[in-house]
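What follows is target_13.csv (CSV, C-alpha atoms and all ligand atoms).
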chain,number,residue,atom,x,y,z
E,1,MET,CA,14.8,10.9,-32.1
E,2,THR,CA,15.8,7.3,-31.7
E,3,GLY,CA,17.3,5.5,-28.8
E,4,LEU,CA,17.2,6.2,-25.1
E,5,ALA,CA,19.6,8.2,-22.9
E,6,HIS,CA,20.3,7.8,-19.2
E,7,ALA,CA,18.7,10.6,-17.3
E,8,GLY,CA,19.2,9.6,-13.7
E,9,THR,CA,19.8,6.9,-11.1
E,10,TYR,CA,18.3,6.4,-7.7
E,11,VAL,CA,20.0,3.9,-5.3
E,12,ARG,CA,18.7,2.8,-1.9
E,13,ASP,CA,19.0,0.2,0.7
E,14,VAL,CA,15.5,-1.1,1.4
E,15,ALA,CA,14.6,-2.8,4.7
E,16,ALA,CA,12.4,-5.5,3.0
E,17,SER,CA,13.0,-8.9,1.6
E,18,ARG,CA,13.1,-9.7,-2.1
E,19,ALA,CA,9.9,-11.6,-1.7
E,20,ARG,CA,8.1,-8.4,-0.4
E,21,ILE,CA,9.7,-6.3,-3.2
E,22,ARG,CA,8.4,-8.8,-5.8
E,23,GLU,CA,5.0,-8.8,-4.3
E,24,ASN,CA,5.0,-5.0,-4.3
E,25,VAL,CA,6.2,-4.6,-7.9
E,26,LEU,CA,3.6,-7.1,-9.2
E,27,ASP,CA,0.9,-5.3,-7.1
E,28,TRP,CA,-0.2,-2.6,-9.7
E,29,GLU,CA,-3.4,-2.0,-7.6
E,30,HIS,CA,-1.6,-0.1,-4.9
E,31,LEU,CA,-0.4,2.6,-7.2
E,32,PRO,CA,-3.3,5.2,-6.9
E,33,ALA,CA,-4.0,4.4,-3.3
E,34,LEU,CA,-0.6,4.1,-1.5
E,35,HIS,CA,0.9,6.6,-3.9
E,36,ALA,CA,-2.1,8.9,-4.2
E,37,SER,CA,0.1,12.0,-4.3
E,38,SER,CA,1.7,10.6,-7.5
E,39,PHE,CA,-1.1,8.7,-9.3
E,40,ALA,CA,-4.8,9.3,-9.7
E,41,ALA,CA,-5.9,6.0,-11.3
E,42,CYS,CA,-4.6,2.7,-12.6
E,43,GLU,CA,-6.4,0.0,-14.5
E,44,LEU,CA,-5.1,-3.4,-15.5
E,45,VAL,CA,-4.9,-4.0,-19.3
E,46,ASP,CA,-3.5,-7.5,-19.1
E,47,SER,CA,-1.0,-9.7,-17.3
E,48,ASP,CA,1.3,-12.6,-18.1
E,49,ALA,CA,4.3,-14.4,-16.8
E,50,ASP,CA,6.5,-11.3,-17.3
E,51,GLY,CA,4.3,-9.0,-15.2
E,52,TRP,CA,1.5,-6.6,-16.0
E,53,ARG,CA,0.4,-4.0,-18.5
E,54,VAL,CA,-1.6,-1.0,-17.0
E,55,ARG,CA,-3.0,2.3,-17.9
E,56,LEU,CA,-1.8,4.8,-15.3
E,57,THR,CA,-3.0,8.4,-14.8
E,58,ALA,CA,-0.8,10.9,-13.0
E,59,ALA,CA,-2.2,12.7,-9.9
E,60,GLY,CA,-2.1,16.0,-11.9
E,61,GLY,CA,-4.4,14.4,-14.6
E,62,GLY,CA,-3.6,14.5,-18.3
E,63,ASP,CA,-3.4,11.5,-20.7
E,64,ALA,CA,-2.8,8.0,-19.2
E,65,GLN,CA,0.4,6.2,-19.9
E,66,THR,CA,0.4,2.5,-20.9
E,67,LEU,CA,3.1,0.8,-19.0
E,68,LYS,CA,4.4,-2.7,-19.3
E,69,LEU,CA,6.3,-4.5,-16.5
E,70,PHE,CA,8.9,-7.2,-17.3
E,71,ILE,CA,10.2,-8.8,-14.1
E,72,ALA,CA,12.8,-11.6,-13.9
E,73,PRO,CA,11.6,-14.8,-12.2
E,74,ASP,CA,14.1,-14.3,-9.4
E,75,THR,CA,13.4,-10.6,-9.0
E,76,SER,CA,17.0,-9.7,-9.5
E,77,HIS,CA,15.9,-7.1,-12.0
E,78,TYR,CA,12.8,-5.7,-13.7
E,79,ARG,CA,12.0,-2.9,-16.0
E,80,VAL,CA,8.9,-0.8,-16.8
E,81,VAL,CA,8.5,0.4,-20.3
E,82,THR,CA,6.2,3.3,-21.3
E,83,GLU,CA,4.5,1.9,-24.3
E,84,ALA,CA,2.1,4.8,-25.0
E,85,GLY,CA,1.2,8.2,-23.6
E,86,PRO,CA,3.4,10.9,-22.0
E,87,GLY,CA,7.1,9.8,-22.1
E,88,ALA,CA,6.4,6.9,-24.5
E,89,THR,CA,9.4,4.5,-25.0
E,90,SER,CA,11.1,5.6,-21.8
E,91,GLU,CA,12.2,2.8,-19.5
E,92,ILE,CA,12.8,2.4,-15.7
E,93,ARG,CA,15.4,-0.3,-15.2
E,94,VAL,CA,15.8,-1.7,-11.7
E,95,ALA,CA,18.4,-4.1,-10.2
E,96,VAL,CA,17.5,-5.7,-6.9
E,97,THR,CA,20.3,-7.3,-4.8
E,98,GLU,CA,19.5,-9.1,-1.6
E,99,THR,CA,21.9,-8.1,1.1
E,100,ALA,CA,20.3,-9.8,4.2
E,101,PRO,CA,17.2,-11.8,4.9
E,102,HIS,CA,15.1,-8.7,5.1
E,103,ALA,CA,17.2,-6.2,3.3
E,104,CYS,CA,17.9,-5.4,-0.4
E,105,HIS,CA,19.9,-2.8,-2.3
E,106,VAL,CA,18.0,-1.4,-5.3
E,107,ARG,CA,19.4,0.6,-8.2
E,108,VAL,CA,16.8,2.4,-10.3
E,109,GLU,CA,17.8,3.9,-13.6
E,110,TYR,CA,15.6,6.1,-15.8
E,111,HIS,CA,16.2,6.1,-19.6
E,112,VAL,CA,14.3,8.5,-21.8
E,113,PRO,CA,14.1,9.5,-25.5
E,114,VAL,CA,15.8,12.8,-25.0
E,115,ASN,CA,19.2,14.1,-26.3
E,116,ASP,CA,19.6,17.5,-24.7
E,117,PRO,CA,22.0,17.2,-21.7
E,118,GLU,CA,20.2,20.0,-19.8
E,119,VAL,CA,16.8,18.5,-20.3
E,120,LEU,CA,18.2,15.1,-19.3
E,121,ALA,CA,19.7,16.5,-16.1
E,122,MET,CA,16.3,18.2,-15.2
E,123,ILE,CA,14.4,15.0,-15.9
E,124,GLY,CA,16.9,13.0,-13.9
E,125,LYS,CA,16.6,15.3,-10.9
E,126,GLY,CA,12.8,15.1,-10.9
E,127,PHE,CA,12.9,11.3,-11.3
E,128,VAL,CA,15.1,10.9,-8.2
E,129,ALA,CA,12.8,13.0,-6.1
E,130,ILE,CA,9.7,11.1,-7.2
E,131,TYR,CA,11.4,7.7,-6.7
E,132,GLU,CA,12.6,8.6,-3.2
E,133,ARG,CA,9.0,9.3,-2.2
E,134,LEU,CA,7.6,6.2,-3.9
E,135,TRP,CA,10.2,4.0,-2.2
E,136,ASP,CA,9.5,5.6,1.2
E,137,GLU,CA,5.9,4.7,0.8
E,138,ASP,CA,6.6,1.2,-0.6
E,139,GLU,CA,9.1,0.4,2.2
E,140,ALA,CA,6.7,1.4,4.9
E,141,MET,CA,4.0,-0.8,3.4
E,142,MET,CA,6.3,-3.7,2.9
E,143,GLN,CA,7.5,-3.5,6.5
E,144,ALA,CA,4.0,-3.2,7.9
E,145,ARG,CA,2.9,-6.2,5.7
E,146,GLU,CA,5.9,-8.3,6.9
E,147,ALA,CA,4.9,-7.5,10.5
E,148,ALA,CA,1.2,-8.3,9.9
E,149,LEU,CA,2.2,-11.7,8.4
E,150,ALA,CA,4.3,-12.6,11.4
E,151,PRO,CA,2.7,-15.2,13.7
E,152,ARG,CA,1.3,-13.7,17.0
E,153,PRO,CA,0.1,-15.4,20.1
E,154,ARG,CA,-3.7,-15.6,20.4
E,155,ALA,CA,-5.2,-12.9,22.8
E,156,PRO,CA,-7.8,-13.7,25.4
E,157,ASP,CA,-11.5,-13.8,24.2
E,158,ARG,CA,-12.5,-11.3,26.8
E,159,VAL,CA,-10.7,-8.1,27.6
E,160,ASP,CA,-11.2,-5.4,30.2
E,161,LEU,CA,-10.6,-2.1,28.4
E,162,GLY,CA,-10.6,-0.1,31.7
E,163,PRO,CA,-12.9,2.2,33.5
E,164,GLU,CA,-15.4,4.0,31.3
E,165,ALA,CA,-14.6,7.3,33.1
E,166,ALA,CA,-11.0,7.1,32.0
E,167,LEU,CA,-11.7,6.0,28.4
E,168,ALA,CA,-9.4,7.6,25.8
E,169,LEU,CA,-10.3,7.0,22.2
E,170,PRO,CA,-9.4,5.6,19.8
E,171,LEU,CA,-8.4,2.5,21.8
E,172,ASP,CA,-6.6,-0.4,20.1
E,173,PHE,CA,-6.8,-3.9,21.5
E,174,ASP,CA,-6.3,-7.5,20.6
E,175,LEU,CA,-9.0,-10.1,21.2
E,176,GLY,CA,-8.8,-13.8,20.2
E,177,SER,CA,-7.1,-13.8,16.8
E,178,GLY,CA,-8.3,-10.3,15.9
E,179,ARG,CA,-7.0,-6.8,16.3
E,180,PHE,CA,-9.6,-4.1,16.9
E,181,ARG,CA,-10.1,-0.4,17.5
E,182,LEU,CA,-12.7,1.1,19.7
E,183,ILE,CA,-14.1,4.5,18.5
E,184,ARG,CA,-17.0,6.7,19.2
E,185,HIS,CA,-19.2,6.7,16.1
E,186,GLN,CA,-22.5,8.7,15.9
E,187,THR,CA,-22.6,9.0,19.7
E,188,THR,CA,-22.1,5.3,20.4
E,189,LEU,CA,-19.1,3.2,21.1
E,190,LEU,CA,-18.1,1.0,18.1
E,191,ALA,CA,-15.4,-1.6,17.8
E,192,HIS,CA,-14.2,-2.5,14.4
E,193,SER,CA,-11.4,-4.7,13.0
E,194,ARG,CA,-8.3,-2.6,12.3
E,195,ILE,CA,-6.9,-5.1,9.8
E,196,CYS,CA,-8.0,-5.0,6.2
E,197,PRO,CA,-9.0,-8.5,5.0
E,198,HIS,CA,-7.4,-7.9,1.6
E,199,TRP,CA,-3.6,-7.8,2.4
E,200,LEU,CA,-3.7,-7.0,6.1
E,201,GLY,CA,-3.4,-3.2,5.6
E,202,PRO,CA,-4.0,-0.9,8.6
E,203,LEU,CA,-7.6,0.5,9.1
E,204,ASP,CA,-6.4,3.2,11.4
E,205,ALA,CA,-8.1,6.3,10.0
E,206,PRO,CA,-11.5,7.3,11.4
E,207,PRO,CA,-14.6,6.5,9.3
E,208,ASP,CA,-15.5,9.0,6.7
E,209,GLY,CA,-18.9,10.9,6.4
E,210,ASP,CA,-20.5,7.7,5.0
E,211,GLY,CA,-19.3,5.7,8.0
E,212,CYS,CA,-16.7,3.9,5.9
E,213,LEU,CA,-13.1,2.9,6.6
E,214,THR,CA,-10.7,3.2,3.6
E,215,CYS,CA,-7.6,1.0,3.5
E,216,PRO,CA,-4.5,3.1,2.6
E,217,TRP,CA,-2.8,0.3,0.7
E,218,HIS,CA,-5.3,-0.4,-2.2
E,219,GLY,CA,-8.2,1.9,-1.3
E,220,TYR,CA,-10.8,-0.8,-0.4
E,221,ARG,CA,-13.7,0.5,1.6
E,222,PHE,CA,-15.7,-1.1,4.5
E,223,ASP,CA,-18.7,-0.1,6.5
E,224,ALA,CA,-17.3,0.4,10.0
E,225,ALA,CA,-20.6,-0.5,11.7
E,226,THR,CA,-21.4,-3.7,9.8
E,227,GLY,CA,-17.9,-4.7,8.5
E,228,ARG,CA,-19.4,-5.2,5.0
E,229,SER,CA,-17.6,-4.2,1.8
E,230,ALA,CA,-18.6,-0.7,0.8
E,231,ASP,CA,-17.3,-1.1,-2.8
E,232,GLY,CA,-18.8,-4.4,-4.0
E,233,ARG,CA,-15.9,-6.6,-3.1
E,234,ALA,CA,-16.3,-10.2,-1.8
E,235,LEU,CA,-14.6,-9.2,1.5
E,236,ARG,CA,-15.7,-8.2,4.9
E,237,LEU,CA,-14.0,-7.2,8.2
E,238,ALA,CA,-13.5,-9.7,10.9
E,239,PRO,CA,-16.6,-9.7,13.1
E,240,ALA,CA,-16.4,-7.0,15.8
E,241,PRO,CA,-16.6,-8.0,19.4
E,242,ALA,CA,-19.5,-7.2,21.7
E,243,ILE,CA,-18.8,-4.1,23.9
E,244,SER,CA,-20.6,-3.9,27.2
E,245,ILE,CA,-20.1,-2.0,30.4
E,246,GLU,CA,-19.8,-4.0,33.6
E,247,ASN,CA,-19.3,-2.3,37.0
E,248,GLY,CA,-18.1,0.8,35.2
E,249,HIS,CA,-15.6,-1.0,33.1
E,250,ILE,CA,-15.7,-1.5,29.3
E,251,ILE,CA,-15.6,-5.1,28.4
E,252,ALA,CA,-14.9,-6.5,24.9
E,253,CYS,CA,-16.0,-10.0,24.3
E,254,GLY,CA,-15.3,-12.1,21.2
T,301,LIG,S1,-4.7,-4.3,2.1
T,301,LIG,FE1,-5.4,-4.0,0.1
T,301,LIG,S2,-7.1,-2.7,0.4
T,301,LIG,FE2,-6.4,-3.1,2.4
T,302,FE,FE,4.7,1.3,-5.0

Once you've parsed the file, please lay out its structure as structure tokens.
Amino acid sequence: MTGLAHAGTYVRDVAASRARIRENVLDWEHLPALHASSFAACELVDSDADGWRVRLTAAGGGDAQTLKLFIAPDTSHYRVVTEAGPGATSEIRVAVTETAPHACHVRVEYHVPVNDPEVLAMIGKGFVAIYERLWDEDEAMMQAREAALAPRPRAPDRVDLGPEAALALPLDFDLGSGRFRLIRHQTTLLAHSRICPHWLGPLDAPPDGDGCLTCPWHGYRFDAATGRSADGRALRLAPAPAISIENGHIIACG
């Protein structure tokens, strides 16, 4: 078998800027975290001006693929070539057209080393279903990141969170330049930053059995009580405010 045949095309209008799409495409690290239902692991082999080369393992296991990204400097197009592993030589070719300041049209084609028209049609159908899910997940992340990057007015440095008797948890609040969440953790009230210090991802899920918060975008982990990295990274959460009870009201103070 030589050459590639066109198996399928996925087209979509994405409510995100070309800058966000470029950032997302270059961000290999989000693949097994944001797309955990599709990918189990991803390790960087190398990177250059064209993009990255990674070893990617599917969620179902099996042999890893070696993938190489080639992205145009203006992000008008990119392609991902499977250099080794399952589906070797296949290519995903993507055209990105900016249609508004925060909107793009994307056209994603899948080319594979297969001749049989029936097999091609089956591969194309599966490809479209997978890419619809991946772009759903990517679009949500890109929109949340755009919102997180937008300037916000500074909040007060002291906030009354209401009567203790009426407390409903978890409770989100802004204080100073930070965004926090009040939870009950091991019988005590605990406030923690709800913004990941890596790329501003949402730390909205409750702590796990080890008392750690896991960011859904790249999987970084933080100790909810101390804010320290739980996976050896040189990052920590924004300092949590002091929580006190004054005249029956819960007060957060930065
Ligand atoms: S934004 Fe990357 S791990 Fe949180
Ligand atoms: Fe993605």

Return the single residue from E:Arg53, E:Arg233, E:His6, E:His218 that is closest to Val112 (chain E), with distances computed using all atoms listed in the file. E:His6

Using all atoms listed in the file: which of E:Gly248, E:Gly227, E:Pro151, E:Gly8 has the shortest distance to Pro117 (chain E):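 Using all atoms listed in the file, Pro117 (chain E) sits closest to E:Gly8.
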
Among the residues E:Glu132, E:Glu98, E:Asp210, E:Asp204, the one that comes closest to ligand LIG 301 (chain T) [using all atoms listed in the file]: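 Closest residue, counting all atoms listed in the file: E:Asp204.
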
Hey, can you check how far CA of Ala41 (chain E) sits from CA of Val128 (chain E)?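 Computed distance, CA of Ala41 (chain E) to CA of Val128 (chain E), equals 21.8 Å.
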
Using all atoms listed in the file, which of the listed residues (E:Tyr131, E:Phe180, E:Tyr110, E:Tyr10) sits closest to ligand FE 302 (chain T)?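 Counting all atoms listed in the file, the residue closest to ligand FE 302 (chain T) is E:Tyr131.
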